[in-house]
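To start, the structure itself, in structure tokens.
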Amino acid sequence: MEGGVPEADVSAFRECLSLSWKNPYVLRLAFSAGIGGFLFGYDTGVISGALLYIRDDFKAVDRYTWLQEAIVSMALAGAIIGASVGGWINDRFGRKKAILLADTLFFIGSVVMAAATNPTILIVGRVFVGLGVGMASMASPLYISEASPTRVRGALVSLNGFLITGGQFLSYLINLAFTNAPGTWRWMLGVAAVPALTQILLMLMLPESPRWLFRKGKEEEAKEILRKIYPPQDVEEEINALKESVEMEIKEASDSDKVSIVKLLKTKTVRRGLYAGMGLQIFQQFVGINTVMYYSPTIVQLAGFASNRVALLLSLVTAGLNAFGSILSIYFIDKTGRKKLLLFSLSGVVVSLVVLTVVFHETTTHSPMVSTIETSHFNNTCPDYRTALNPGEWDCMKCLKASPSCGFCASADNKLLPGACLISNDTTEDQCQKEHRLWYTRGCPSQYGWLALIGLALYIIFFSPGMGTVPWVVNSEIYPLRYRGICGGMASTSNWVSNLIVAQSFLSLTDAIGTSSTFMIFIFITIAAIIFVIIFVPETKGLPIEEVENMLERRSLNFKFWQRSSDSGQVSTQKTLSL
């Protein structure tokens with residue numbers, strides 16, 4: 001509740017489930033707004049599979065790594081803009097209108113992508129989709145947070161994270177469903193218009209955030225919504241607490257200058273909130289999650305699985321684990337707290353990244369040799385291999401790295417035996433596969449491929465419950481009400497900028513230094529993230545949003561992260577006594 005500080009434990013999860021029959025209105029608000037998270041997740045997942053078939057249709061995309069990265073990353077560039085203006089739109093026009101605008105942009109982008117006749121038009125559609133996703137990424141959790149009872153706020157905001165992963169999982173199912181359909185990737189990308197249109201229809205029937213309405217002086221409308229959200233015995237207490245909070249905020253606003261970045265950074269509570277909120281969003285991306293989600297089929301191929309369909313099918317497993325992890329987050333976030341969940345998550349990510357680093361190192365250094373006899377069996381030898389001074393030293397990996405126009409046709413007897421280094425084109429691929437051989441252009445045959453899948457699975461299992469959802473929950477509750485829109489926009493922007501940097505550089509890094517070295521970089525970044533969480537991220541479990549500001553004002557560094565900080569405990573105690 002707004003006016004009290006209930007003890008947040010496992011009963012919060014049970015209470016969240018009981019809302020399905022006690023007060024379905026709250027869940028209706030959360031799920032309807034959470035479709036924005038679903039769109040975010042669907043776009044993340046669908047492009048990873050669609051990219052495999054876009055490369056087949058547009059040969060320039062297959063030939064140039066930077067063009068593949070551009071198709072993925074231009075959506076992120078759009079999301080940066082969407083998140084940047086999203087904070088202002090949220091504060092100026094309301095959370096509901098921001099979500100509706102995001103859906104409209106996403107719908108337009110999906111239609112443009114499905115109808116694209118060349119990579120340029122496809123990239124334009126990706127920008128529109130990115131604008132919508134960027135706005136929704138902050139508007140959806142903000143709307144859910146402000147329309148949720150305090151006791152289950154963490155669990156309900158985690159629903160947004162669950163719908164993100166649910167969208168990723170569904171995108172892989174849809175990718176598999178359309179692998180044999182005419183226009184494969186066009187269907188994959190175009191289907192995204194359906195949930196966008198669905199959310200538009202649902203949000204038109206839902207109210208604005210009660211906190212935003214109070215802020216704009218529409219008190220009666222806000223009170224009516226609060227009466228639907230809270231039990232009758234709690235409504236007046238909640239109304240008074242929210243009214244008091246907003247009046248204080250308005251008074252502060254009237255006594256101060258226009259909000260600016262300088263003013264934000266000079267305000268201690270906002271500055272400390274931004275350290276935690278923006279830092280978590282940045283580290284969420286730099287520990288490598290969206291390289292796994294955007295490029296998981298490609299990573300599976302790098303691990304030695306040649307078929308597009310097999311790569312998609314195995315990637316579906318990682319997406320399913322991601323969704324399962326989000327369900328775990330809903331259970332644990334109000335039981336264990338935000339901070340401990342983050343540290344457990346990051347520690348597991350380090351372990352899984354070590355596994356991936358070792359596996360890809362072994363895969364790269366122990367790839368099958370290239371056989372002159374096997375190669376001469378075909379009439380289209382890779383030019384680089386033909387002119388090589390030391391062809392006897394060539395292996396599969398050297399063949400693939402020699403030129404984008406070279407591929408490896410595995411031995412018909414055993415994929416680990418010496419194979420052929422050939423020109424990479426449709427004719428060669430058909431010739432290779434007609435002899436029941438596997439054709440490789442991204443990775444090489446390996447006996448360690450299954451270990452890479454275990455590493456990916458571990459990564460998702462550890463990442464999803466903590467780093468996957470907690471940064472969004474923390475950002476929805478850590479900022480003072482007056483600055484919540486602009487600070488949320490800044491944090492979302494930092495997330496998308498980081499996402500863009502990682503997505504735009506991942507394939508280039510793997511080409512330049514190798515997959516194993518790329519994952520090793522993520523290990524060091526994750527260790528830095530653990531140190532950051534211990535020092536800068538406060539525990540907000542069980543605190544009403546209005547009391548988080550007081551906690552940040554008094555907070556000192558608390559290295560004993562397994563204990564509740566004395567400052568937050570003092571705030572809770574004072575609030576309880578005041579009741």
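Convention: chains lettered A, B, ... in structure tokens order; per-chain residue numbering from 1; ligands numbered from 1 as shown.
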Report as a tab-separated table: every residue of range 501-547 of chain A with an atom at most 12 Å from range 419-443 of chain A, its closest pair of atoms, and their distance in Å to one decimal, counting only C-alpha atoms, with rows sorted by chain and ascending residue number.
residue	atom	partner	partner_atom	distance
A:Leu507	CA	A:Arg442	CA	10.6
A:Thr510	CA	A:Arg442	CA	10.7
A:Asp511	CA	A:Arg442	CA	10.1
A:Gly514	CA	A:Gly443	CA	11.1
A:Thr515	CA	A:Gly443	CA	10.1
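Every protein or nucleic acid residue with an atom no more than 7 Å from range 193-200 of chain A, counting only C-alpha atoms and leaving out same-chain residues fewer than 3 positions away, appears here: Ser32, Ile35, Leu100, Asp103, Phe106, Phe107, Ser110, Val111, Gly190, Met203 and Leu204 of chain A.
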Residues just named, written with all heavy atoms as a PDB file, in the first residue's frame:
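This is the output file again_31.pdb:
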ATOM      1  N   SER A  32      -2.274  -5.780 -20.088  1.00  0.00           N
ATOM      2  CA  SER A  32      -2.508  -4.943 -21.274  1.00  0.00           C
ATOM      3  C   SER A  32      -1.307  -4.040 -21.538  1.00  0.00           C
ATOM      4  O   SER A  32      -0.839  -3.919 -22.671  1.00  0.00           O
ATOM      5  CB  SER A  32      -3.777  -4.102 -21.079  1.00  0.00           C
ATOM      6  OG  SER A  32      -4.913  -4.926 -20.943  1.00  0.00           O
ATOM      7  N   ILE A  35       1.978  -5.805 -22.868  1.00  0.00           N
ATOM      8  CA  ILE A  35       2.133  -6.202 -24.270  1.00  0.00           C
ATOM      9  C   ILE A  35       3.254  -5.387 -24.910  1.00  0.00           C
ATOM     10  O   ILE A  35       3.901  -5.843 -25.852  1.00  0.00           O
ATOM     11  CB  ILE A  35       0.802  -6.028 -25.038  1.00  0.00           C
ATOM     12  CG1 ILE A  35      -0.234  -7.017 -24.495  1.00  0.00           C
ATOM     13  CG2 ILE A  35       0.991  -6.270 -26.535  1.00  0.00           C
ATOM     14  CD1 ILE A  35      -1.609  -6.870 -25.113  1.00  0.00           C
ATOM     15  N   LEU A 100       0.182   4.039 -26.681  1.00  0.00           N
ATOM     16  CA  LEU A 100      -0.569   4.006 -27.944  1.00  0.00           C
ATOM     17  C   LEU A 100       0.288   4.489 -29.120  1.00  0.00           C
ATOM     18  O   LEU A 100       0.238   3.910 -30.213  1.00  0.00           O
ATOM     19  CB  LEU A 100      -1.828   4.871 -27.828  1.00  0.00           C
ATOM     20  CG  LEU A 100      -2.942   4.311 -26.929  1.00  0.00           C
ATOM     21  CD1 LEU A 100      -4.040   5.352 -26.728  1.00  0.00           C
ATOM     22  CD2 LEU A 100      -3.525   3.035 -27.529  1.00  0.00           C
ATOM     23  N   ASP A 103       2.752   1.736 -30.036  1.00  0.00           N
ATOM     24  CA  ASP A 103       2.114   0.668 -30.808  1.00  0.00           C
ATOM     25  C   ASP A 103       1.912   1.061 -32.265  1.00  0.00           C
ATOM     26  O   ASP A 103       2.102   0.247 -33.175  1.00  0.00           O
ATOM     27  CB  ASP A 103       0.753   0.324 -30.195  1.00  0.00           C
ATOM     28  CG  ASP A 103       0.879  -0.424 -28.879  1.00  0.00           C
ATOM     29  OD1 ASP A 103       1.845  -1.191 -28.732  1.00  0.00           O
ATOM     30  OD2 ASP A 103       0.026  -0.231 -28.006  1.00  0.00           O
ATOM     31  N   PHE A 106       5.174   0.845 -34.084  1.00  0.00           N
ATOM     32  CA  PHE A 106       5.561  -0.556 -34.253  1.00  0.00           C
ATOM     33  C   PHE A 106       4.752  -1.202 -35.382  1.00  0.00           C
ATOM     34  O   PHE A 106       5.290  -1.971 -36.196  1.00  0.00           O
ATOM     35  CB  PHE A 106       5.340  -1.321 -32.946  1.00  0.00           C
ATOM     36  CG  PHE A 106       6.069  -2.630 -32.875  1.00  0.00           C
ATOM     37  CD1 PHE A 106       7.279  -2.736 -32.215  1.00  0.00           C
ATOM     38  CD2 PHE A 106       5.546  -3.768 -33.468  1.00  0.00           C
ATOM     39  CE1 PHE A 106       7.962  -3.939 -32.147  1.00  0.00           C
ATOM     40  CE2 PHE A 106       6.216  -4.986 -33.413  1.00  0.00           C
ATOM     41  CZ  PHE A 106       7.425  -5.072 -32.748  1.00  0.00           C
ATOM     42  N   PHE A 107       3.468  -0.885 -35.438  1.00  0.00           N
ATOM     43  CA  PHE A 107       2.594  -1.433 -36.479  1.00  0.00           C
ATOM     44  C   PHE A 107       3.075  -1.005 -37.870  1.00  0.00           C
ATOM     45  O   PHE A 107       3.184  -1.816 -38.787  1.00  0.00           O
ATOM     46  CB  PHE A 107       1.159  -0.961 -36.238  1.00  0.00           C
ATOM     47  CG  PHE A 107       0.168  -1.475 -37.242  1.00  0.00           C
ATOM     48  CD1 PHE A 107      -0.428  -2.714 -37.077  1.00  0.00           C
ATOM     49  CD2 PHE A 107      -0.169  -0.722 -38.356  1.00  0.00           C
ATOM     50  CE1 PHE A 107      -1.340  -3.196 -38.011  1.00  0.00           C
ATOM     51  CE2 PHE A 107      -1.075  -1.192 -39.296  1.00  0.00           C
ATOM     52  CZ  PHE A 107      -1.658  -2.440 -39.121  1.00  0.00           C
ATOM     53  N   SER A 110       6.304  -2.823 -38.822  1.00  0.00           N
ATOM     54  CA  SER A 110       6.106  -4.234 -39.176  1.00  0.00           C
ATOM     55  C   SER A 110       5.620  -4.383 -40.606  1.00  0.00           C
ATOM     56  O   SER A 110       6.078  -5.266 -41.344  1.00  0.00           O
ATOM     57  CB  SER A 110       5.094  -4.872 -38.215  1.00  0.00           C
ATOM     58  OG  SER A 110       5.550  -4.818 -36.885  1.00  0.00           O
ATOM     59  N   VAL A 111       4.698  -3.517 -41.009  1.00  0.00           N
ATOM     60  CA  VAL A 111       4.161  -3.571 -42.375  1.00  0.00           C
ATOM     61  C   VAL A 111       5.257  -3.240 -43.394  1.00  0.00           C
ATOM     62  O   VAL A 111       5.396  -3.903 -44.430  1.00  0.00           O
ATOM     63  CB  VAL A 111       2.963  -2.613 -42.521  1.00  0.00           C
ATOM     64  CG1 VAL A 111       2.508  -2.536 -43.981  1.00  0.00           C
ATOM     65  CG2 VAL A 111       1.813  -3.058 -41.631  1.00  0.00           C
ATOM     66  N   GLY A 190       6.304  -9.564 -40.327  1.00  0.00           N
ATOM     67  CA  GLY A 190       4.994  -8.936 -40.471  1.00  0.00           C
ATOM     68  C   GLY A 190       3.991  -9.306 -39.395  1.00  0.00           C
ATOM     69  O   GLY A 190       3.115  -8.505 -39.044  1.00  0.00           O
ATOM     70  N   MET A 203      -5.652  -0.846 -24.774  1.00  0.00           N
ATOM     71  CA  MET A 203      -5.323   0.380 -24.047  1.00  0.00           C
ATOM     72  C   MET A 203      -6.382   1.458 -24.225  1.00  0.00           C
ATOM     73  O   MET A 203      -6.574   2.302 -23.343  1.00  0.00           O
ATOM     74  CB  MET A 203      -3.963   0.922 -24.509  1.00  0.00           C
ATOM     75  CG  MET A 203      -2.769   0.080 -24.080  1.00  0.00           C
ATOM     76  SD  MET A 203      -2.626  -0.164 -22.291  1.00  0.00           S
ATOM     77  CE  MET A 203      -2.430   1.511 -21.703  1.00  0.00           C
ATOM     78  N   LEU A 204      -7.089   1.442 -25.335  1.00  0.00           N
ATOM     79  CA  LEU A 204      -8.175   2.412 -25.535  1.00  0.00           C
ATOM     80  C   LEU A 204      -9.282   2.222 -24.497  1.00  0.00           C
ATOM     81  O   LEU A 204     -10.025   3.162 -24.203  1.00  0.00           O
ATOM     82  CB  LEU A 204      -8.752   2.283 -26.945  1.00  0.00           C
ATOM     83  CG  LEU A 204      -7.869   2.819 -28.089  1.00  0.00           C
ATOM     84  CD1 LEU A 204      -8.481   2.485 -29.439  1.00  0.00           C
ATOM     85  CD2 LEU A 204      -7.667   4.334 -27.957  1.00  0.00           C
TER      86      LEU A 204
END
Discussion item. Neighbouring residues of Ile330 in chain A were defined as those with any atom within 6 Å, considering only C-alpha atoms; residues of the same chain fewer than 2 positions away were excluded. Please report them as a PyMOL selection string.
Written reply: chain A and resi 155+158+327-328+332-333
Just-selected residues, N, CA and C atoms written as an mmCIF file, in the first residue's frame:
data_model
loop_
_atom_site.group_PDB
_atom_site.id
_atom_site.type_symbol
_atom_site.label_atom_id
_atom_site.label_comp_id
_atom_site.auth_asym_id
_atom_site.auth_seq_id
_atom_site.Cartn_x
_atom_site.Cartn_y
_atom_site.Cartn_z
ATOM 1 N N ALA A 155 6.270 -7.852 -8.367
ATOM 2 C CA ALA A 155 5.822 -9.014 -9.133
ATOM 3 C C ALA A 155 5.104 -8.594 -10.406
ATOM 4 N N SER A 158 7.432 -7.281 -12.905
ATOM 5 C CA SER A 158 8.150 -8.424 -13.458
ATOM 6 C C SER A 158 7.343 -9.121 -14.549
ATOM 7 N N ILE A 327 9.567 -16.149 -15.021
ATOM 8 C CA ILE A 327 8.564 -16.625 -14.062
ATOM 9 C C ILE A 327 9.197 -16.749 -12.678
ATOM 10 N N LEU A 328 10.414 -17.263 -12.632
ATOM 11 C CA LEU A 328 11.135 -17.358 -11.357
ATOM 12 C C LEU A 328 11.320 -15.970 -10.745
ATOM 13 N N PHE A 332 10.594 -14.615 -6.951
ATOM 14 C CA PHE A 332 11.684 -14.302 -6.018
ATOM 15 C C PHE A 332 11.897 -12.813 -5.763
ATOM 16 N N ILE A 333 11.444 -11.929 -6.672
ATOM 17 C CA ILE A 333 11.853 -10.533 -6.567
ATOM 18 C C ILE A 333 11.333 -9.861 -5.299
#
**Study point:** Nearest candidate to Ser326 in chain A (options A:Val497, A:Met551, A:Met467, A:Met520; using only C-alpha atoms)
**Key:**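 Closest to Ser326 in chain A of all the choices is A:Met467.
Between CA of Glu539 in chain A and CA of Val157 in chain A the separation is 16.0 Å.
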- Item | Top pick for closest residue to Thr540 in chain A, considering A:Thr469, A:Thr363, A:Asn290, A:Thr336 and counting only C-alpha atoms |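 Distance minimum relative to Thr540 in chain A lands on A:Thr336.
The space separating CA of Val358 in chain A from CA of Ile461 in chain A comes to 18.9 Å.
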Selection near range 269-278 of chain A, 8 Å with only C-alpha atoms, sequence-local residues under 6 positions removed, as a tab-separated table (two decimals) with N, CA, C and O atoms, in the first residue's frame:
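Dumped everything to part-v7.tsv:
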chain	number	residue	atom	x	y	z
A	471	PRO	N	16.56	-4.74	-13.43
A	471	PRO	CA	16.83	-3.34	-13.83
A	471	PRO	C	15.57	-2.56	-14.18
A	471	PRO	O	15.46	-1.37	-13.84
A	474	VAL	N	13.69	-1.83	-10.78
A	474	VAL	CA	14.38	-0.77	-10.03
A	474	VAL	C	14.12	0.58	-10.66
A	474	VAL	O	13.83	1.56	-9.97
A	475	ASN	N	14.18	0.66	-11.99
A	475	ASN	CA	13.97	1.94	-12.66
A	475	ASN	C	12.53	2.42	-12.57
A	475	ASN	O	12.27	3.62	-12.70
A	478	ILE	N	12.61	3.80	-8.39
A	478	ILE	CA	13.71	4.42	-7.64
A	478	ILE	C	13.75	5.94	-7.76
A	478	ILE	O	14.42	6.62	-6.98
A	479	TYR	N	13.03	6.54	-8.70
A	479	TYR	CA	13.11	7.99	-8.92
A	479	TYR	C	11.95	8.73	-8.24
A	479	TYR	O	10.84	8.22	-8.18
A	480	PRO	N	12.21	9.96	-7.75
A	480	PRO	CA	11.13	10.79	-7.23
A	480	PRO	C	10.06	11.00	-8.30
A	480	PRO	O	10.36	11.05	-9.50
A	483	TYR	N	10.43	13.50	-11.23
A	483	TYR	CA	11.48	13.25	-12.21
A	483	TYR	C	11.37	11.87	-12.86
A	483	TYR	O	12.24	11.48	-13.63
A	487	CYS	N	13.80	10.72	-15.87
A	487	CYS	CA	14.86	9.80	-15.43
A	487	CYS	C	14.67	8.42	-16.06
A	487	CYS	O	15.64	7.77	-16.47
A	490	MET	N	15.98	8.66	-19.51
A	490	MET	CA	17.44	8.63	-19.55
A	490	MET	C	17.97	7.21	-19.36
A	490	MET	O	18.90	6.77	-20.04
A	491	ALA	N	17.36	6.47	-18.42
A	491	ALA	CA	17.80	5.10	-18.16
A	491	ALA	C	17.52	4.20	-19.37
A	491	ALA	O	18.36	3.39	-19.76
A	492	SER	N	16.31	4.35	-19.95
A	492	SER	CA	15.98	3.54	-21.13
A	492	SER	C	16.91	3.88	-22.29
A	492	SER	O	17.33	2.99	-23.04
A	494	SER	N	19.99	4.92	-22.07
A	494	SER	CA	21.29	4.30	-21.80
A	494	SER	C	21.26	2.82	-22.13
A	494	SER	O	22.24	2.25	-22.62
A	495	ASN	N	20.10	2.18	-21.88
A	495	ASN	CA	19.95	0.76	-22.21
A	495	ASN	C	20.06	0.54	-23.71
A	495	ASN	O	20.79	-0.34	-24.18
A	533	VAL	N	26.98	-3.37	-8.48
A	533	VAL	CA	25.73	-3.64	-7.75
A	533	VAL	C	25.97	-3.56	-6.24
A	533	VAL	O	25.17	-2.98	-5.50
A	536	PHE	N	26.60	0.46	-5.54
A	536	PHE	CA	25.70	1.55	-5.94
A	536	PHE	C	24.20	1.23	-5.90
A	536	PHE	O	23.40	2.15	-5.91
A	537	VAL	N	23.82	-0.03	-5.88
A	537	VAL	CA	22.39	-0.35	-6.00
A	537	VAL	C	21.78	-0.57	-4.62
A	537	VAL	O	22.20	-1.48	-3.89
A	538	PRO	N	20.78	0.23	-4.24
A	538	PRO	CA	20.12	0.05	-2.95
A	538	PRO	C	19.04	-1.03	-3.03
A	538	PRO	O	18.62	-1.41	-4.12
A	549	GLU	N	12.56	7.77	-2.05
A	549	GLU	CA	13.31	9.03	-2.07
A	549	GLU	C	13.97	9.28	-0.73
A	549	GLU	O	15.13	9.70	-0.66
A	550	ASN	N	13.24	9.05	0.38
A	550	ASN	CA	13.82	9.24	1.71
A	550	ASN	C	14.98	8.29	1.95
A	550	ASN	O	15.99	8.64	2.55
A	552	LEU	N	17.01	7.04	-0.34
A	552	LEU	CA	18.16	7.49	-1.11
A	552	LEU	C	18.83	8.70	-0.46
A	552	LEU	O	20.05	8.86	-0.51
A	553	GLU	N	18.03	9.56	0.17
A	553	GLU	CA	18.55	10.75	0.83
A	553	GLU	C	19.47	10.37	1.98
A	553	GLU	O	20.51	10.99	2.19
| field | Of the listed residues A:Gly325, A:Gly468, A:Gly132, A:Gly109, that which approaches Arg338 in chain A most closely, counting only C-alpha atoms | value |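 Residue with the minimum atom-to-atom distance to Arg338 in chain A: A:Gly468.
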Kindly give the distance, in Å, that separates CA of Ser446 in chain A and CA of Met397 in chain A, rounded to a single decimal.
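Going from CA of Ser446 in chain A over to CA of Met397 in chain A, I get 10.9 Å.
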message = I want to know what sits within 12 Å of Leu316 in chain A, based on only C-alpha atoms, with residues of the same chain fewer than 4 positions away left out; could you give that as a PyMOL selection string?
response = chain A and resi 45-46+48-49+165-177+292-293+296-297+300+309-312+320-323+453+456-457+460
For Val502 in chain A, the closest of A:Trp212, A:Phe463, A:Phe524, A:Phe286 counting only C-alpha atoms is A:Phe286
